[in-house]
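One file, final.cif, carrying mmCIF, C-alpha atoms and all ligand atoms:
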```
data_upload
#
loop_
_atom_site.label_atom_id
_atom_site.label_comp_id
_atom_site.auth_asym_id
_atom_site.auth_seq_id
_atom_site.Cartn_x
_atom_site.Cartn_y
_atom_site.Cartn_z
CA MET A 171 28.44 -16.68 24.86
CA ASN A 172 29.65 -13.14 25.64
CA ASN A 173 28.54 -11.77 28.98
CA ILE A 174 25.18 -13.51 28.85
CA GLU A 175 24.65 -16.36 31.20
CA LYS A 176 22.52 -19.39 30.50
CA LYS A 177 20.18 -18.28 33.28
CA GLN A 178 19.58 -14.95 31.55
CA ILE A 179 18.94 -16.70 28.24
CA ASN A 180 16.46 -19.05 29.87
CA ASN A 181 14.73 -16.09 31.47
CA LEU A 182 14.37 -14.46 28.03
CA ILE A 183 13.02 -17.70 26.59
CA GLU A 184 10.39 -17.81 29.37
CA ILE A 185 9.35 -14.26 28.48
CA SER A 186 9.03 -15.19 24.80
CA LYS A 187 6.61 -17.96 25.80
CA GLN A 188 4.33 -15.46 27.56
CA LEU A 189 4.48 -13.10 24.60
CA ARG A 190 3.52 -15.90 22.21
CA ILE A 191 0.59 -16.99 24.32
CA ASP A 192 -0.63 -13.40 24.55
CA VAL A 193 -0.28 -12.97 20.78
CA VAL A 194 -2.50 -16.00 20.13
CA ASN A 195 -5.06 -14.95 22.73
CA ILE A 196 -5.39 -11.33 21.65
CA ILE A 197 -5.66 -12.13 17.93
CA HIS A 198 -8.15 -14.88 18.68
CA GLY A 199 -10.10 -12.42 20.85
CA ALA A 200 -10.07 -9.72 18.16
CA LYS A 201 -10.95 -12.29 15.47
CA SER A 202 -8.45 -10.44 13.32
CA GLY A 203 -4.71 -9.78 13.14
CA HIS A 204 -1.35 -10.91 11.81
CA ILE A 205 -0.38 -14.00 13.73
CA GLY A 206 2.30 -15.67 11.57
CA GLY A 207 4.89 -12.89 11.60
CA SER A 208 4.07 -12.02 15.22
CA LEU A 209 4.79 -15.54 16.48
CA GLY A 210 7.83 -15.96 14.25
CA LEU A 211 9.33 -12.71 15.58
CA ALA A 212 8.59 -13.35 19.26
CA ASP A 213 12.14 -14.43 20.12
CA ILE A 214 13.70 -11.40 18.43
CA PHE A 215 11.28 -8.90 20.00
CA THR A 216 11.89 -10.49 23.40
CA ALA A 217 15.65 -10.20 22.92
CA LEU A 218 15.31 -6.56 21.90
CA TYR A 219 12.98 -5.33 24.65
CA PHE A 220 14.40 -7.41 27.49
CA HIS A 221 18.11 -7.35 26.69
CA VAL A 222 19.37 -5.49 23.62
CA LEU A 223 17.63 -2.11 23.49
CA ASN A 224 18.66 0.72 25.73
CA HIS A 225 15.21 2.05 26.66
CA ASN A 226 13.11 3.16 29.59
CA SER A 227 9.38 2.53 29.68
CA ASN A 228 9.00 5.18 32.41
CA ASP A 229 10.37 7.75 30.00
CA PRO A 230 9.41 6.66 26.47
CA ASN A 231 10.81 9.82 24.87
CA TRP A 232 14.14 9.72 26.72
CA ALA A 233 16.55 11.48 24.34
CA ASP A 234 19.29 8.84 24.59
CA ARG A 235 17.06 5.82 23.97
CA ASP A 236 17.86 3.46 21.13
CA ARG A 237 15.28 3.93 18.40
CA PHE A 238 13.41 0.88 17.10
CA VAL A 239 11.38 1.28 13.92
CA VAL A 240 8.99 -1.60 13.24
CA SER A 241 8.71 -1.08 9.50
CA ASN A 242 6.61 -4.24 9.06
CA GLY A 243 3.87 -2.64 11.15
CA HIS A 244 1.41 -5.48 10.61
CA VAL A 245 3.29 -7.45 13.29
CA ALA A 246 1.69 -5.07 15.80
CA PRO A 247 0.50 -7.93 18.09
CA ILE A 248 4.07 -8.93 19.01
CA TYR A 249 5.12 -5.26 19.18
CA TYR A 250 2.24 -4.51 21.59
CA THR A 251 2.84 -7.54 23.81
CA ALA A 252 6.57 -6.70 24.06
CA LEU A 253 5.76 -3.06 24.89
CA ALA A 254 3.11 -3.96 27.47
CA HIS A 255 5.30 -6.51 29.24
CA SER A 256 8.13 -3.95 29.28
CA GLY A 257 5.86 -1.52 31.14
CA TYR A 258 4.82 0.99 28.47
CA PHE A 259 1.12 0.40 29.18
CA PRO A 260 -0.92 -2.10 31.18
CA VAL A 261 -0.83 -5.74 30.04
CA SER A 262 -4.62 -5.77 30.60
CA GLU A 263 -4.96 -3.32 27.68
CA LEU A 264 -3.72 -5.97 25.23
CA SER A 265 -7.20 -7.47 25.03
CA SER A 266 -8.43 -4.23 23.41
CA LEU A 267 -6.55 -5.13 20.22
CA ARG A 268 -8.39 -3.78 17.14
CA LYS A 269 -11.42 -2.68 19.19
CA LEU A 270 -13.18 0.59 18.47
CA ARG A 271 -11.41 3.51 20.21
CA SER A 272 -8.57 1.27 21.43
CA ARG A 273 -4.99 2.59 21.34
CA LEU A 274 -4.03 -0.82 19.93
CA GLN A 275 -5.17 -0.71 16.33
CA GLY A 276 -4.21 -3.16 13.59
CA HIS A 277 -1.11 -1.09 12.85
CA PRO A 278 0.92 0.89 15.41
CA ASN A 279 0.14 4.56 15.99
CA SER A 280 2.90 6.63 17.60
CA LEU A 281 0.49 9.48 18.38
CA GLU A 282 -1.60 7.20 20.58
CA LEU A 283 0.58 4.54 22.14
CA PRO A 284 3.65 5.16 24.34
CA GLY A 285 6.72 3.28 23.14
CA VAL A 286 5.74 3.27 19.48
CA GLU A 287 8.62 5.13 17.84
CA ILE A 288 6.82 5.83 14.58
CA SER A 289 3.50 4.85 12.97
CA THR A 290 3.96 2.12 10.38
CA GLY A 291 1.93 -0.28 8.26
CA SER A 292 2.52 1.04 4.79
CA LEU A 293 5.32 -1.32 3.88
CA GLY A 294 8.72 -0.12 2.72
CA GLN A 295 8.75 3.20 4.53
CA GLY A 296 10.28 2.46 7.92
CA LEU A 297 13.81 1.75 6.75
CA GLY A 298 14.01 5.22 5.16
CA VAL A 299 12.78 6.74 8.43
CA ALA A 300 15.39 4.73 10.35
CA CYS A 301 18.08 6.04 7.96
CA GLY A 302 17.03 9.60 8.79
CA MET A 303 17.22 8.86 12.51
CA ALA A 304 20.65 7.25 12.11
CA LEU A 305 21.94 10.12 9.96
CA ILE A 306 21.01 12.80 12.49
CA ALA A 307 22.50 10.75 15.34
CA GLN A 308 25.70 10.33 13.30
CA LYS A 309 25.88 14.06 12.56
CA ASP A 310 25.19 15.01 16.18
CA LYS A 311 27.67 12.38 17.45
CA GLU A 312 25.01 10.80 19.62
CA ASP A 313 25.63 7.34 21.03
CA HIS A 314 22.22 5.75 20.64
CA LEU A 315 21.62 3.12 17.97
CA VAL A 316 18.77 2.80 15.48
CA TYR A 317 17.18 -0.61 14.96
CA CYS A 318 14.74 -1.45 12.20
CA SER A 319 12.61 -4.53 11.56
CA ILE A 320 11.55 -5.38 8.00
CA GLY A 321 9.73 -8.32 6.46
CA ASP A 322 11.08 -10.33 3.55
CA GLY A 323 7.91 -9.67 1.55
CA GLU A 324 8.35 -6.02 2.49
CA THR A 325 11.83 -6.21 0.96
CA GLN A 326 10.10 -6.44 -2.43
CA GLU A 327 9.16 -2.74 -2.04
CA GLY A 328 11.39 -0.47 -4.15
CA SER A 329 11.75 2.07 -1.34
CA ILE A 330 13.69 -0.49 0.73
CA TRP A 331 16.45 -0.45 -1.86
CA GLU A 332 16.54 3.33 -2.03
CA ALA A 333 17.07 3.36 1.75
CA ALA A 334 19.63 0.54 1.45
CA MET A 335 21.64 2.56 -1.05
CA PHE A 336 21.49 5.69 1.13
CA ALA A 337 22.57 3.92 4.35
CA GLY A 338 25.45 2.18 2.58
CA HIS A 339 26.59 5.43 0.97
CA ARG A 340 26.44 7.32 4.29
CA GLU A 341 28.12 4.45 6.17
CA LEU A 342 25.44 4.54 8.86
CA SER A 343 27.17 2.12 11.24
CA ASN A 344 24.70 3.13 13.98
CA LEU A 345 21.89 1.48 11.98
CA ILE A 346 21.08 -2.18 12.71
CA ALA A 347 18.28 -3.52 10.53
CA PHE A 348 17.01 -7.07 10.41
CA THR A 349 14.89 -9.09 8.01
CA ASP A 350 12.25 -11.59 9.10
CA ARG A 351 13.31 -14.20 6.53
CA ASN A 352 10.43 -16.67 6.68
CA TYR A 353 10.08 -16.90 2.86
CA ILE A 354 6.37 -16.10 3.17
CA GLN A 355 4.43 -12.97 2.33
CA ILE A 356 0.69 -12.30 2.00
CA ASP A 357 0.30 -14.10 -1.34
CA GLY A 358 2.67 -17.04 -0.89
CA ASN A 359 6.38 -17.88 -1.17
CA THR A 360 8.60 -14.83 -1.69
CA GLU A 361 10.78 -16.65 -4.22
CA GLU A 362 7.80 -17.53 -6.42
CA ILE A 363 6.30 -14.04 -6.24
CA ASN A 364 9.39 -11.89 -6.73
CA LYS A 365 12.66 -13.67 -6.02
CA LEU A 366 14.83 -12.11 -3.28
CA GLU A 367 17.79 -14.49 -3.36
CA PRO A 368 20.70 -14.09 -3.20
CA LEU A 369 19.52 -11.71 -0.48
CA ALA A 370 22.72 -11.44 1.58
CA GLU A 371 24.77 -10.64 -1.51
CA LYS A 372 22.32 -7.89 -2.45
CA TRP A 373 22.75 -6.14 0.90
CA LYS A 374 26.52 -6.61 0.69
CA ALA A 375 26.51 -4.95 -2.73
CA PHE A 376 24.83 -1.92 -1.13
CA ASN A 377 27.81 -1.67 1.29
CA TRP A 378 26.10 -3.27 4.30
CA ASN A 379 27.66 -5.54 6.89
CA VAL A 380 25.52 -8.68 6.57
CA LEU A 381 24.98 -11.30 9.26
CA SER A 382 22.66 -14.25 9.35
CA ALA A 383 21.26 -16.19 12.29
CA ASN A 384 18.44 -18.43 13.40
CA GLY A 385 15.76 -15.95 14.47
CA ASN A 386 14.04 -18.58 16.58
CA ASP A 387 17.10 -19.30 18.73
CA MET A 388 17.65 -16.87 21.61
CA GLU A 389 21.39 -17.40 21.88
CA GLU A 390 21.95 -16.90 18.15
CA ILE A 391 19.80 -13.77 18.21
CA LEU A 392 21.74 -12.22 21.09
CA ASN A 393 25.07 -13.09 19.46
CA ALA A 394 23.99 -11.51 16.17
CA PHE A 395 22.97 -8.23 17.86
CA GLU A 396 26.26 -8.22 19.84
CA LYS A 397 28.23 -8.58 16.60
CA ALA A 398 26.16 -5.90 14.88
CA LYS A 399 26.85 -3.42 17.68
CA LYS A 400 30.60 -3.84 17.10
CA GLU A 401 30.47 -2.83 13.44
CA ASN A 402 31.88 0.67 13.01
CA SER A 403 31.99 1.46 9.31
CA LYS A 404 28.80 0.12 7.71
CA PRO A 405 25.11 -0.32 8.46
CA THR A 406 24.28 -3.89 9.48
CA MET A 407 21.58 -6.14 8.07
CA ILE A 408 20.87 -9.29 10.08
CA ILE A 409 19.00 -11.86 8.05
CA PHE A 410 17.09 -13.78 10.68
CA ASN A 411 15.85 -17.13 9.43
CA THR A 412 12.49 -17.68 11.07
CA LYS A 413 9.38 -19.77 10.59
CA LEU A 414 5.96 -18.27 10.08
CA GLY A 415 3.91 -18.93 13.20
CA PHE A 416 6.80 -20.57 15.08
CA PRO A 417 6.50 -22.99 16.89
CA VAL A 418 2.98 -23.78 15.69
CA SER A 419 3.43 -26.54 13.11
CA PHE A 420 0.20 -25.99 11.17
CA MET A 421 1.23 -22.37 10.42
CA ASP A 422 4.72 -23.22 9.16
CA GLY A 423 5.09 -22.19 5.50
CA VAL A 424 1.35 -21.57 5.04
CA SER A 425 0.72 -18.03 3.76
CA LYS A 426 -2.87 -18.04 5.00
CA TRP A 427 -1.38 -17.57 8.47
CA HIS A 428 0.25 -14.31 7.46
CA GLY A 429 -2.94 -12.55 8.47
CA THR A 430 -5.71 -14.92 9.52
CA ALA A 431 -7.05 -15.11 13.09
CA PRO A 432 -7.30 -18.63 14.53
CA ASN A 433 -10.77 -19.91 15.37
CA ASP A 434 -11.48 -21.44 18.81
CA LYS A 435 -10.12 -24.86 17.90
CA GLU A 436 -7.04 -23.49 16.13
CA ALA A 437 -6.23 -21.10 18.98
CA LYS A 438 -6.47 -23.95 21.46
CA SER A 439 -4.19 -26.21 19.47
CA ALA A 440 -1.73 -23.32 18.83
CA ILE A 441 -1.44 -22.70 22.60
CA LYS A 442 -1.03 -26.43 23.18
CA GLU A 443 1.83 -26.60 20.67
CA ILE A 444 3.48 -23.53 22.18
CA GLU A 445 3.29 -25.05 25.66
CA GLU A 446 4.67 -28.37 24.43
CA TYR A 447 7.52 -26.63 22.61
CA TYR A 448 8.63 -24.78 25.75
CA LEU A 449 8.22 -27.87 27.92
CA LYS A 450 10.60 -29.74 25.61
CA LEU A 451 13.21 -27.01 26.03
CA ASN A 452 13.46 -28.18 29.62
CA LEU A 453 14.47 -24.78 31.00
C1 LIG B 501 2.69 -0.46 0.73
C2 LIG B 501 1.91 -1.68 1.17
N1 LIG B 501 1.49 -2.55 0.25
C3 LIG B 501 0.77 -3.65 0.62
C4 LIG B 501 0.49 -3.86 1.93
C5 LIG B 501 -0.33 -5.07 2.33
N2 LIG B 501 0.49 -6.07 2.99
C6 LIG B 501 0.50 -6.18 4.32
S1 LIG B 501 1.55 -7.34 4.87
C7 LIG B 501 1.99 -7.77 3.30
C8 LIG B 501 2.99 -8.88 3.04
C9 LIG B 501 4.24 -8.67 3.80
O1 LIG B 501 5.04 -9.80 3.75
P1 LIG B 501 6.19 -9.99 4.80
O2 LIG B 501 6.90 -8.70 4.94
O3 LIG B 501 7.02 -11.13 4.36
O4 LIG B 501 5.43 -10.27 6.15
P2 LIG B 501 5.05 -11.69 6.85
O5 LIG B 501 4.05 -12.38 5.99
O6 LIG B 501 6.31 -12.48 6.96
O7 LIG B 501 4.50 -11.26 8.17
C10 LIG B 501 1.32 -6.99 2.38
C11 LIG B 501 1.49 -7.10 0.92
C12 LIG B 501 0.93 -2.91 2.88
N3 LIG B 501 0.71 -3.04 4.17
N4 LIG B 501 1.66 -1.84 2.47
#
```

Please rewrite the model in this file as structure tokens.
Ligand SMILES: Cc1ncc(C[n+]2csc(CCOP(=O)(O)OP(=O)(O)O)c2C)c(N)n1
Amino acid sequence: MNNIEKKQINNLIEISKQLRIDVVNIIHGAKSGHIGGSLGLADIFTALYFHVLNHNSNDPNWADRDRFVVSNGHVAPIYYTALAHSGYFPVSELSSLRKLRSRLQGHPNSLELPGVEISTGSLGQGLGVACGMALIAQKDKEDHLVYCSIGDGETQEGSIWEAAMFAGHRELSNLIAFTDRNYIQIDGNTEEINKLEPLAEKWKAFNWNVLSANGNDMEEILNAFEKAKKENSKPTMIIFNTKLGFPVSFMDGVSKWHGTAPNDKEAKSAIKEIEEYYLKLNL
């Protein structure tokens, strides 16, 4: 793999374990929160904050930072754990998730929390915001990149396709978006609710460079972002195949775990499965 040594990959995988354990603990503690998407995205958020993004937690508004728009704002628990472990605010604050007067509400608030690029939660809006950020950077010939995370259920919002059309038309090659393709949204399987396939072909038709990778494999994730950075004429969409709740087996494919907090027993067995999964990786 390009420039990334096995040791570095293993280090990232170790970080993703901590983030997953924190996600389970804070949602269990809050008795509320979106666990499935947060666990499924843990590898990608780790890759971004600890390798891919050009950012500085000591200077969250640094003008040259890469922008990262988390359009699927309900995955706030993984966003918060990645931000805290990167140094944007104390890790001890994570346990205030969803508490009264906490800066860590159910959806991210950029006016309150350092590192949050833009407040999100109303699905379908972040990609349009990311397009605006990419357009101004393109016009001003700035080097930073704009990343954007969207859910596959979120992709059923009409505004996603308006943004897709705009980015393709403007050839926003500084825009790297990715889809959390777990086939699950709040009400069930995406293909039963409002079919998305053939998803890659749809993005291609909107003039996007389309990549796909296993979003629960660190090496594949890093390779996909490397490839995306090299694209110089189109926006990139990475379709990351993930599993809801990964690696917790009882959450896999079960839409209830889109947004249900685990009870004591479930939290304990989720942590046990996470620990067993990482042990088997034999890092
Ligand atoms: C505009 C809007 N409509 C509805 C919702 C409620 N909602 C929150 S998450 C969600 C499903 C999202 O599915 P997906 O993007 O696949 O997320 P995942 O289940 O994979 O985390 C819905 C409908 C919302 N937040 N915003």

- Task: Kindly provide, as a PyMOL selection string, all nucleotide and amino acid residues lying within 8 Å of ligand LIG 501 (chain B), counting all atoms listed in the file.
- Result: chain A and resi 204-208+242-245+291-294+320-325+327+350-357+360+414+425+427-429

- Message: What's around region 389-400 of chain A at 12 Å? Count all atoms listed in the file, leave out sequence neighbours fewer than 3 positions away in its own chain, and write the answer as a ChimeraX atom specification.
- Response: /A:171-183,211-223,236,313-317,342-348,378-386,403-412

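Taking CA of Val261 (chain A) and CA of Leu451 (chain A) as the two end points, the separation is 25.8 Å.
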
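Of note, CA of Ser439 (chain A) and CA of Ala254 (chain A) are spaced 24.7 Å apart.
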
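For the atom pair formed by CA of Gly338 (chain A) and CA of Asn377 (chain A), the distance is 4.7 Å, given to one decimal.
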